[in-house]
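entry.pdb (PDB, C-alpha atoms, pLDDT in the B column)
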```
ATOM      1  CA  MET A   1     136.120  55.312  83.727  1.00 51.00           C
ATOM      2  CA  ASN A   2     137.052  56.705  80.285  1.00 52.00           C
ATOM      3  CA  ASP A   3     134.879  59.170  78.306  1.00 48.00           C
ATOM      4  CA  VAL A   4     133.232  56.460  76.161  1.00 46.00           C
ATOM      5  CA  GLY A   5     132.370  54.365  79.235  1.00 51.00           C
ATOM      6  CA  ARG A   6     131.066  57.419  81.081  1.00 48.00           C
ATOM      7  CA  ARG A   7     128.871  58.407  78.099  1.00 49.00           C
ATOM      8  CA  ARG A   8     127.439  54.897  77.837  1.00 50.00           C
ATOM      9  CA  PHE A   9     126.739  54.830  81.571  1.00 44.00           C
ATOM     10  CA  LEU A  10     125.042  58.251  81.527  1.00 45.00           C
ATOM     11  CA  THR A  11     123.000  57.344  78.438  1.00 45.00           C
ATOM     12  CA  ALA A  12     121.850  54.092  80.046  1.00 45.00           C
ATOM     13  CA  ALA A  13     121.053  55.825  83.350  1.00 44.00           C
ATOM     14  CA  MET A  14     119.017  58.534  81.613  1.00 45.00           C
ATOM     15  CA  THR A  15     117.144  55.933  79.584  1.00 43.00           C
ATOM     16  CA  VAL A  16     116.251  53.933  82.701  1.00 40.00           C
ATOM     17  CA  SER A  17     115.299  56.995  84.769  1.00 40.00           C
ATOM     18  CA  GLY A  18     113.268  58.411  81.879  1.00 42.00           C
ATOM     19  CA  GLY A  19     111.469  55.103  81.546  1.00 40.00           C
ATOM     20  CA  LEU A  20     110.700  55.055  85.269  1.00 36.00           C
ATOM     21  CA  ALA A  21     109.401  58.610  85.175  1.00 40.00           C
ATOM     22  CA  MET A  22     107.225  57.831  82.183  1.00 39.00           C
ATOM     23  CA  SER A  23     105.866  54.664  83.796  1.00 38.00           C
ATOM     24  CA  THR A  24     104.152  56.739  86.477  1.00 40.00           C
ATOM     25  CA  SER A  25     102.214  58.762  83.919  1.00 42.00           C
ATOM     26  CA  PRO A  26      98.443  58.261  84.497  1.00 43.00           C
ATOM     27  CA  GLN A  27      97.888  57.504  80.821  1.00 44.00           C
ATOM     28  CA  LEU A  28     100.417  54.686  80.981  1.00 41.00           C
ATOM     29  CA  LEU A  29      99.222  53.201  84.275  1.00 44.00           C
ATOM     30  CA  ALA A  30      96.065  51.770  82.741  1.00 48.00           C
ATOM     31  CA  ALA A  31      96.593  48.543  80.859  1.00 51.00           C
ATOM     32  CA  PRO A  32      95.819  48.736  77.150  1.00 61.00           C
ATOM     33  CA  SER A  33      92.236  47.767  76.493  1.00 72.00           C
ATOM     34  CA  LYS A  34      90.380  46.524  73.462  1.00 91.00           C
ATOM     35  CA  GLU A  35      87.192  48.192  74.699  1.00 96.00           C
ATOM     36  CA  ARG A  36      86.303  51.530  76.243  1.00 98.00           C
ATOM     37  CA  ARG A  37      83.022  52.104  78.058  1.00 97.00           C
ATOM     38  CA  LEU A  38      81.310  55.051  79.671  1.00 98.00           C
ATOM     39  CA  PHE A  39      78.443  55.172  82.116  1.00 98.00           C
ATOM     40  CA  LEU A  40      76.904  58.640  82.072  1.00 99.00           C
ATOM     41  CA  LYS A  41      73.957  60.166  83.898  1.00 98.00           C
ATOM     42  CA  ASN A  42      72.532  63.524  82.816  1.00 98.00           C
ATOM     43  CA  MET A  43      71.558  65.260  86.056  1.00 98.00           C
ATOM     44  CA  HIS A  44      69.064  67.577  84.325  1.00 97.00           C
ATOM     45  CA  THR A  45      67.100  65.002  82.338  1.00 98.00           C
ATOM     46  CA  GLY A  46      67.638  61.941  84.527  1.00 98.00           C
ATOM     47  CA  GLU A  47      68.744  59.921  81.479  1.00 98.00           C
ATOM     48  CA  SER A  48      71.481  57.318  81.894  1.00 98.00           C
ATOM     49  CA  LEU A  49      73.662  55.606  79.328  1.00 98.00           C
ATOM     50  CA  ASP A  50      76.010  52.639  79.720  1.00 98.00           C
ATOM     51  CA  VAL A  51      77.806  52.230  76.414  1.00 98.00           C
ATOM     52  CA  MET A  52      80.904  50.753  74.816  1.00 98.00           C
ATOM     53  CA  TYR A  53      82.021  53.597  72.540  1.00 98.00           C
ATOM     54  CA  TRP A  54      85.351  52.211  71.282  1.00 98.00           C
ATOM     55  CA  LYS A  55      86.403  48.708  70.319  1.00 97.00           C
ATOM     56  CA  ASN A  56      89.595  47.396  68.734  1.00 95.00           C
ATOM     57  CA  GLY A  57      90.827  50.889  67.886  1.00 95.00           C
ATOM     58  CA  ILE A  58      87.561  52.146  66.351  1.00 97.00           C
ATOM     59  CA  TYR A  59      84.962  54.558  67.697  1.00 98.00           C
ATOM     60  CA  ILE A  60      81.486  53.050  67.363  1.00 98.00           C
ATOM     61  CA  PRO A  61      79.249  55.560  65.493  1.00 98.00           C
ATOM     62  CA  GLU A  62      75.980  54.421  67.111  1.00 98.00           C
ATOM     63  CA  SER A  63      77.564  54.790  70.543  1.00 98.00           C
ATOM     64  CA  THR A  64      79.063  58.216  69.918  1.00 98.00           C
ATOM     65  CA  GLU A  65      75.646  59.312  68.610  1.00 98.00           C
ATOM     66  CA  ALA A  66      74.009  58.066  71.827  1.00 98.00           C
ATOM     67  CA  ILE A  67      76.611  59.953  73.864  1.00 99.00           C
ATOM     68  CA  SER A  68      75.905  63.129  71.858  1.00 98.00           C
ATOM     69  CA  GLN A  69      72.219  62.657  72.689  1.00 98.00           C
ATOM     70  CA  ILE A  70      72.753  62.370  76.447  1.00 98.00           C
ATOM     71  CA  LEU A  71      75.201  65.320  76.405  1.00 99.00           C
ATOM     72  CA  ARG A  72      72.815  67.496  74.381  1.00 98.00           C
ATOM     73  CA  ASP A  73      71.755  71.009  75.345  1.00 98.00           C
ATOM     74  CA  HIS A  74      68.717  70.037  77.424  1.00 97.00           C
ATOM     75  CA  ARG A  75      67.380  73.605  77.427  1.00 96.00           C
ATOM     76  CA  ARG A  76      66.959  73.672  73.627  1.00 97.00           C
ATOM     77  CA  ASN A  77      67.003  69.913  72.978  1.00 97.00           C
ATOM     78  CA  GLU A  78      69.880  70.376  70.506  1.00 97.00           C
ATOM     79  CA  GLN A  79      72.776  68.002  70.145  1.00 97.00           C
ATOM     80  CA  HIS A  80      76.228  68.312  68.637  1.00 98.00           C
ATOM     81  CA  ASP A  81      78.995  65.840  67.839  1.00 97.00           C
ATOM     82  CA  ILE A  82      81.190  65.304  70.883  1.00 98.00           C
ATOM     83  CA  ASP A  83      84.972  65.338  70.493  1.00 98.00           C
ATOM     84  CA  PRO A  84      86.192  61.707  70.701  1.00 98.00           C
ATOM     85  CA  SER A  85      89.163  62.945  72.747  1.00 98.00           C
ATOM     86  CA  LEU A  86      86.675  64.148  75.368  1.00 99.00           C
ATOM     87  CA  LEU A  87      85.211  60.644  75.574  1.00 99.00           C
ATOM     88  CA  ASP A  88      88.710  59.241  76.088  1.00 98.00           C
ATOM     89  CA  LEU A  89      89.431  61.899  78.708  1.00 99.00           C
ATOM     90  CA  LEU A  90      86.281  60.876  80.622  1.00 99.00           C
ATOM     91  CA  HIS A  91      87.169  57.194  80.286  1.00 98.00           C
ATOM     92  CA  ASN A  92      90.732  57.777  81.523  1.00 98.00           C
ATOM     93  CA  LEU A  93      89.568  60.023  84.365  1.00 98.00           C
ATOM     94  CA  HIS A  94      87.021  57.450  85.528  1.00 98.00           C
ATOM     95  CA  ALA A  95      89.729  54.760  85.476  1.00 97.00           C
ATOM     96  CA  ALA A  96      92.249  57.000  87.258  1.00 98.00           C
ATOM     97  CA  VAL A  97      89.969  57.535  90.276  1.00 97.00           C
ATOM     98  CA  GLU A  98      88.912  53.868  90.245  1.00 96.00           C
ATOM     99  CA  ALA A  99      85.276  54.893  90.500  1.00 94.00           C
ATOM    100  CA  PRO A 100      82.701  52.168  91.134  1.00 93.00           C
ATOM    101  CA  PHE A 101      79.958  54.457  89.807  1.00 94.00           C
ATOM    102  CA  GLY A 102      79.380  56.347  86.578  1.00 97.00           C
ATOM    103  CA  ILE A 103      79.910  59.997  85.751  1.00 99.00           C
ATOM    104  CA  GLU A 104      77.235  62.582  86.517  1.00 99.00           C
ATOM    105  CA  ILE A 105      76.898  65.227  83.810  1.00 99.00           C
ATOM    106  CA  PHE A 106      75.773  68.763  84.656  1.00 98.00           C
ATOM    107  CA  SER A 107      76.580  70.364  81.326  1.00 97.00           C
ATOM    108  CA  GLY A 108      77.734  68.911  78.027  1.00 98.00           C
ATOM    109  CA  TYR A 109      77.047  70.572  74.705  1.00 98.00           C
ATOM    110  CA  ARG A 110      75.619  74.103  74.896  1.00 97.00           C
ATOM    111  CA  SER A 111      74.095  75.909  71.958  1.00 96.00           C
ATOM    112  CA  PRO A 112      75.380  79.458  71.393  1.00 96.00           C
ATOM    113  CA  GLU A 113      71.964  80.746  72.537  1.00 95.00           C
ATOM    114  CA  THR A 114      72.114  78.796  75.794  1.00 93.00           C
ATOM    115  CA  ASN A 115      75.696  79.864  76.391  1.00 91.00           C
ATOM    116  CA  GLN A 116      74.732  83.518  75.904  1.00 93.00           C
ATOM    117  CA  ALA A 117      71.779  83.185  78.286  1.00 92.00           C
ATOM    118  CA  LEU A 118      74.051  81.624  80.911  1.00 91.00           C
ATOM    119  CA  ARG A 119      76.625  84.400  80.393  1.00 87.00           C
ATOM    120  CA  GLU A 120      73.970  87.009  81.134  1.00 91.00           C
ATOM    121  CA  ASN A 121      73.415  85.451  84.574  1.00 87.00           C
ATOM    122  CA  ASN A 122      76.956  84.322  85.373  1.00 84.00           C
ATOM    123  CA  LYS A 123      80.121  86.235  84.521  1.00 78.00           C
ATOM    124  CA  GLY A 124      82.119  83.012  84.861  1.00 80.00           C
ATOM    125  CA  VAL A 125      80.668  81.532  81.656  1.00 86.00           C
ATOM    126  CA  ALA A 126      83.174  81.881  78.809  1.00 87.00           C
ATOM    127  CA  LYS A 127      82.092  83.754  75.681  1.00 88.00           C
ATOM    128  CA  LYS A 128      83.823  81.183  73.458  1.00 91.00           C
ATOM    129  CA  SER A 129      83.064  78.194  75.674  1.00 94.00           C
ATOM    130  CA  LEU A 130      84.298  74.813  74.472  1.00 97.00           C
ATOM    131  CA  HIS A 131      80.875  73.490  75.504  1.00 98.00           C
ATOM    132  CA  MET A 132      79.588  75.076  72.257  1.00 96.00           C
ATOM    133  CA  VAL A 133      81.772  72.819  70.112  1.00 98.00           C
ATOM    134  CA  GLY A 134      81.350  69.541  72.003  1.00 98.00           C
ATOM    135  CA  LYS A 135      84.751  69.697  73.690  1.00 98.00           C
ATOM    136  CA  ALA A 136      83.766  70.281  77.346  1.00 98.00           C
ATOM    137  CA  VAL A 137      81.677  68.798  80.145  1.00 99.00           C
ATOM    138  CA  ASP A 138      80.910  69.705  83.745  1.00 98.00           C
ATOM    139  CA  ILE A 139      80.928  66.565  85.873  1.00 99.00           C
ATOM    140  CA  ARG A 140      80.948  64.902  89.255  1.00 98.00           C
ATOM    141  CA  ILE A 141      81.798  61.292  90.099  1.00 98.00           C
ATOM    142  CA  PRO A 142      79.688  60.000  93.010  1.00 97.00           C
ATOM    143  CA  ARG A 143      81.508  58.940  96.175  1.00 95.00           C
ATOM    144  CA  ILE A 144      84.830  60.309  94.932  1.00 97.00           C
ATOM    145  CA  LYS A 145      85.962  63.551  96.579  1.00 97.00           C
ATOM    146  CA  LEU A 146      85.733  66.394  94.093  1.00 98.00           C
ATOM    147  CA  GLY A 147      89.298  67.441  94.923  1.00 97.00           C
ATOM    148  CA  ASN A 148      90.527  63.952  94.034  1.00 98.00           C
ATOM    149  CA  VAL A 149      88.694  64.039  90.703  1.00 98.00           C
ATOM    150  CA  ARG A 150      90.311  67.421  90.032  1.00 98.00           C
ATOM    151  CA  LYS A 151      93.795  66.101  90.889  1.00 98.00           C
ATOM    152  CA  ALA A 152      93.311  63.111  88.601  1.00 98.00           C
ATOM    153  CA  ALA A 153      92.074  65.344  85.761  1.00 99.00           C
ATOM    154  CA  LEU A 154      95.093  67.620  86.163  1.00 98.00           C
ATOM    155  CA  ALA A 155      97.448  64.630  86.154  1.00 98.00           C
ATOM    156  CA  LEU A 156      96.017  63.446  82.825  1.00 98.00           C
ATOM    157  CA  GLN A 157      97.205  66.691  81.160  1.00 98.00           C
ATOM    158  CA  SER A 158      94.451  66.268  78.541  1.00 98.00           C
ATOM    159  CA  GLY A 159      93.044  69.798  78.530  1.00 98.00           C
ATOM    160  CA  GLY A 160      91.474  72.390  80.787  1.00 98.00           C
ATOM    161  CA  VAL A 161      90.303  71.679  84.327  1.00 98.00           C
ATOM    162  CA  GLY A 162      88.015  74.054  86.206  1.00 97.00           C
ATOM    163  CA  TYR A 163      87.260  73.432  89.886  1.00 97.00           C
ATOM    164  CA  TYR A 164      83.859  74.588  91.144  1.00 95.00           C
ATOM    165  CA  SER A 165      83.824  73.316  94.718  1.00 94.00           C
ATOM    166  CA  LYS A 166      80.815  75.368  95.874  1.00 94.00           C
ATOM    167  CA  SER A 167      78.683  74.038  93.012  1.00 94.00           C
ATOM    168  CA  GLY A 168      80.051  70.520  93.408  1.00 96.00           C
ATOM    169  CA  PHE A 169      81.466  69.853  89.942  1.00 97.00           C
ATOM    170  CA  ILE A 170      84.588  70.096  87.839  1.00 98.00           C
ATOM    171  CA  HIS A 171      84.847  71.232  84.237  1.00 98.00           C
ATOM    172  CA  VAL A 172      87.059  69.225  81.885  1.00 99.00           C
ATOM    173  CA  ASP A 173      87.752  70.007  78.253  1.00 98.00           C
ATOM    174  CA  THR A 174      90.052  69.059  75.400  1.00 98.00           C
ATOM    175  CA  GLY A 175      91.401  72.543  74.830  1.00 98.00           C
ATOM    176  CA  PRO A 176      94.860  73.703  75.908  1.00 97.00           C
ATOM    177  CA  VAL A 177      96.131  72.370  79.235  1.00 98.00           C
ATOM    178  CA  ARG A 178      95.246  74.925  81.924  1.00 96.00           C
ATOM    179  CA  GLN A 179      93.456  75.135  85.272  1.00 97.00           C
ATOM    180  CA  TRP A 180      91.305  77.538  87.251  1.00 95.00           C
ATOM    181  CA  SER A 181      88.917  77.682  90.184  1.00 93.00           C
ATOM    182  CA  GLY A 182      85.426  79.057  89.743  1.00 81.00           C
ATOM    183  CA  LYS A 183      83.254  80.867  92.238  1.00 69.00           C
ATOM    184  CA  SER A 184      79.930  79.236  91.418  1.00 60.00           C
TER     185      SER A 184
END
```

Target encoding structure tokens, full file:
Amino acid sequence: MNDVGRRRFLTAAMTVSGGLAMSTSPQLLAAPSKERRLFLKNMHTGESLDVMYWKNGIYIPESTEAISQILRDHRRNEQHDIDPSLLDLLHNLHAAVEAPFGIEIFSGYRSPETNQALRENNKGVAKKSLHMVGKAVDIRIPRIKLGNVRKAALALQSGGVGYYSKSGFIHVDTGPVRQWSGKS
């Protein structure tokens, strides 16, 4: 095989192998959809929400407002806009674990005052928590092993993933990709 033939072969082989590697990416496994839905249950207030938040490439303002309401700081009854990327992360995570049930929320938005109060009782609470800017949630998905939810969240590579096995939840956020295990 001459140099030109070898180059063409190597280029074609790399293209095919790169395509195969990319095809196993969790983001690419899900078929494109014209709609995105979330079913959320706030474990502190008991409120539930089943909502289509995205349709035909557009976030639905009324739906994102309803999501901000259910993810509000229940201690102070304050809400904050939630990062649309966080909604997509939750949607993709739910699809990745093929959950038949919705997502249980333990903490969504936190006001700075609530975050400070939590920090005083728990050294694991971050001073500049992404909860305070609507970019983080603490969740559980019923009937799906917490470790499997964690693995799926890590595979998405969409932000931070904290694993709190003793407390029975994982933290996901849209900050830099990183991971940790908590003690609570």

Minimum-distance residue to Asp81 of chain A, chosen among A:Leu118, A:Ile67, A:Met43, A:Val172 (using all atoms listed in the file):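 Checking each of A:Leu118, A:Ile67, A:Met43, A:Val172 against Asp81 of chain A, counting all atoms listed in the file, the winner is A:Ile67.
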
Using only C-alpha atoms, find the one residue out of A:Ser48, A:Ser85, A:Asn115, A:Asn92 that sits nearest to Ala152 of chain A. A:Asn92

Could you make a table, as a tab-separated table, of the residues of segment 153-180 of chain A that have an atom within 12 Å of an atom of segment 98-108 of chain A, each with its nearest atom pair and distance in Å to one decimal, counting only C-alpha atoms, in chain and number order?
```
residue	atom	partner	partner_atom	distance
A:Tyr164	CA	A:Phe106	CA	11.9
A:Ser167	CA	A:Phe106	CA	10.3
A:Gly168	CA	A:Phe106	CA	9.9
A:Phe169	CA	A:Phe106	CA	7.8
A:Ile170	CA	A:Phe106	CA	9.5
A:His171	CA	A:Ser107	CA	8.8
A:Val172	CA	A:Gly108	CA	10.1
A:Asp173	CA	A:Gly108	CA	10.1
```

I need the output of the PyMOL selection byres ((chain A and resi 49-62) around 8) for this file as a ChimeraX atom specification; which residues are they? /A:34-41,47-48,63-67,70,84

Gap from atom CA of Leu146 of chain A to atom CA of Gly182 of chain A - Å, one decimal: 13.4 Å

Rank A:Asn122, A:Gln179, A:Ser68, A:Ser33 by their smallest atom-to-atom distance to Ala153 of chain A, using only C-alpha atoms, and report the top residue only. A:Gln179

Rounded to one decimal, what separation in Å do you get between atom CA of Gln79 of chain A and atom CA of Lys123 of chain A? 24.4 Å

What's the 12 Å shell around segment 155-162 of chain A, counting only C-alpha atoms, without same-chain residues fewer than 5 positions away, as an MDAnalysis selection string? chainID A and resid 24:30 85:97 124:126 129:131 135:140 146:150 167:184

Work out where the centre of an axis-aligned box around every listed atom of segment 32-46 of chain A lies and how long its edges are once 4 Å is added on each side; give both in Å to one decimal as AutoDock Vina command-line options.
```
--center_x 81.5 --center_y 57.1 --center_z 79.8 --size_x 36.7 --size_y 29.1 --size_z 20.6
```

Work out how far apart atom CA of Arg110 of chain A and atom CA of Gln69 of chain A are and give it in Å to one decimal.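 Atom-to-atom, atom CA of Arg110 of chain A to atom CA of Gln69 of chain A, that is 12.1 Å.
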
What's the 10 Å shell around Arg75 of chain A, counting only C-alpha atoms, without same-chain residues fewer than 3 positions away, as a ChimeraX atom specification? /A:44-45,72,78,110-111,113-114

Suppose we keep C-alpha atoms; can you now write the selection as a PDB file, in the coordinates of the input?
```pdb
ATOM      1  CA  HIS A  44      69.064  67.577  84.325  1.00 97.00           C
ATOM      2  CA  THR A  45      67.100  65.002  82.338  1.00 98.00           C
ATOM      3  CA  ARG A  72      72.815  67.496  74.381  1.00 98.00           C
ATOM      4  CA  GLU A  78      69.880  70.376  70.506  1.00 97.00           C
ATOM      5  CA  ARG A 110      75.619  74.103  74.896  1.00 97.00           C
ATOM      6  CA  SER A 111      74.095  75.909  71.958  1.00 96.00           C
ATOM      7  CA  GLU A 113      71.964  80.746  72.537  1.00 95.00           C
ATOM      8  CA  THR A 114      72.114  78.796  75.794  1.00 93.00           C
TER       9      THR A 114
END
```
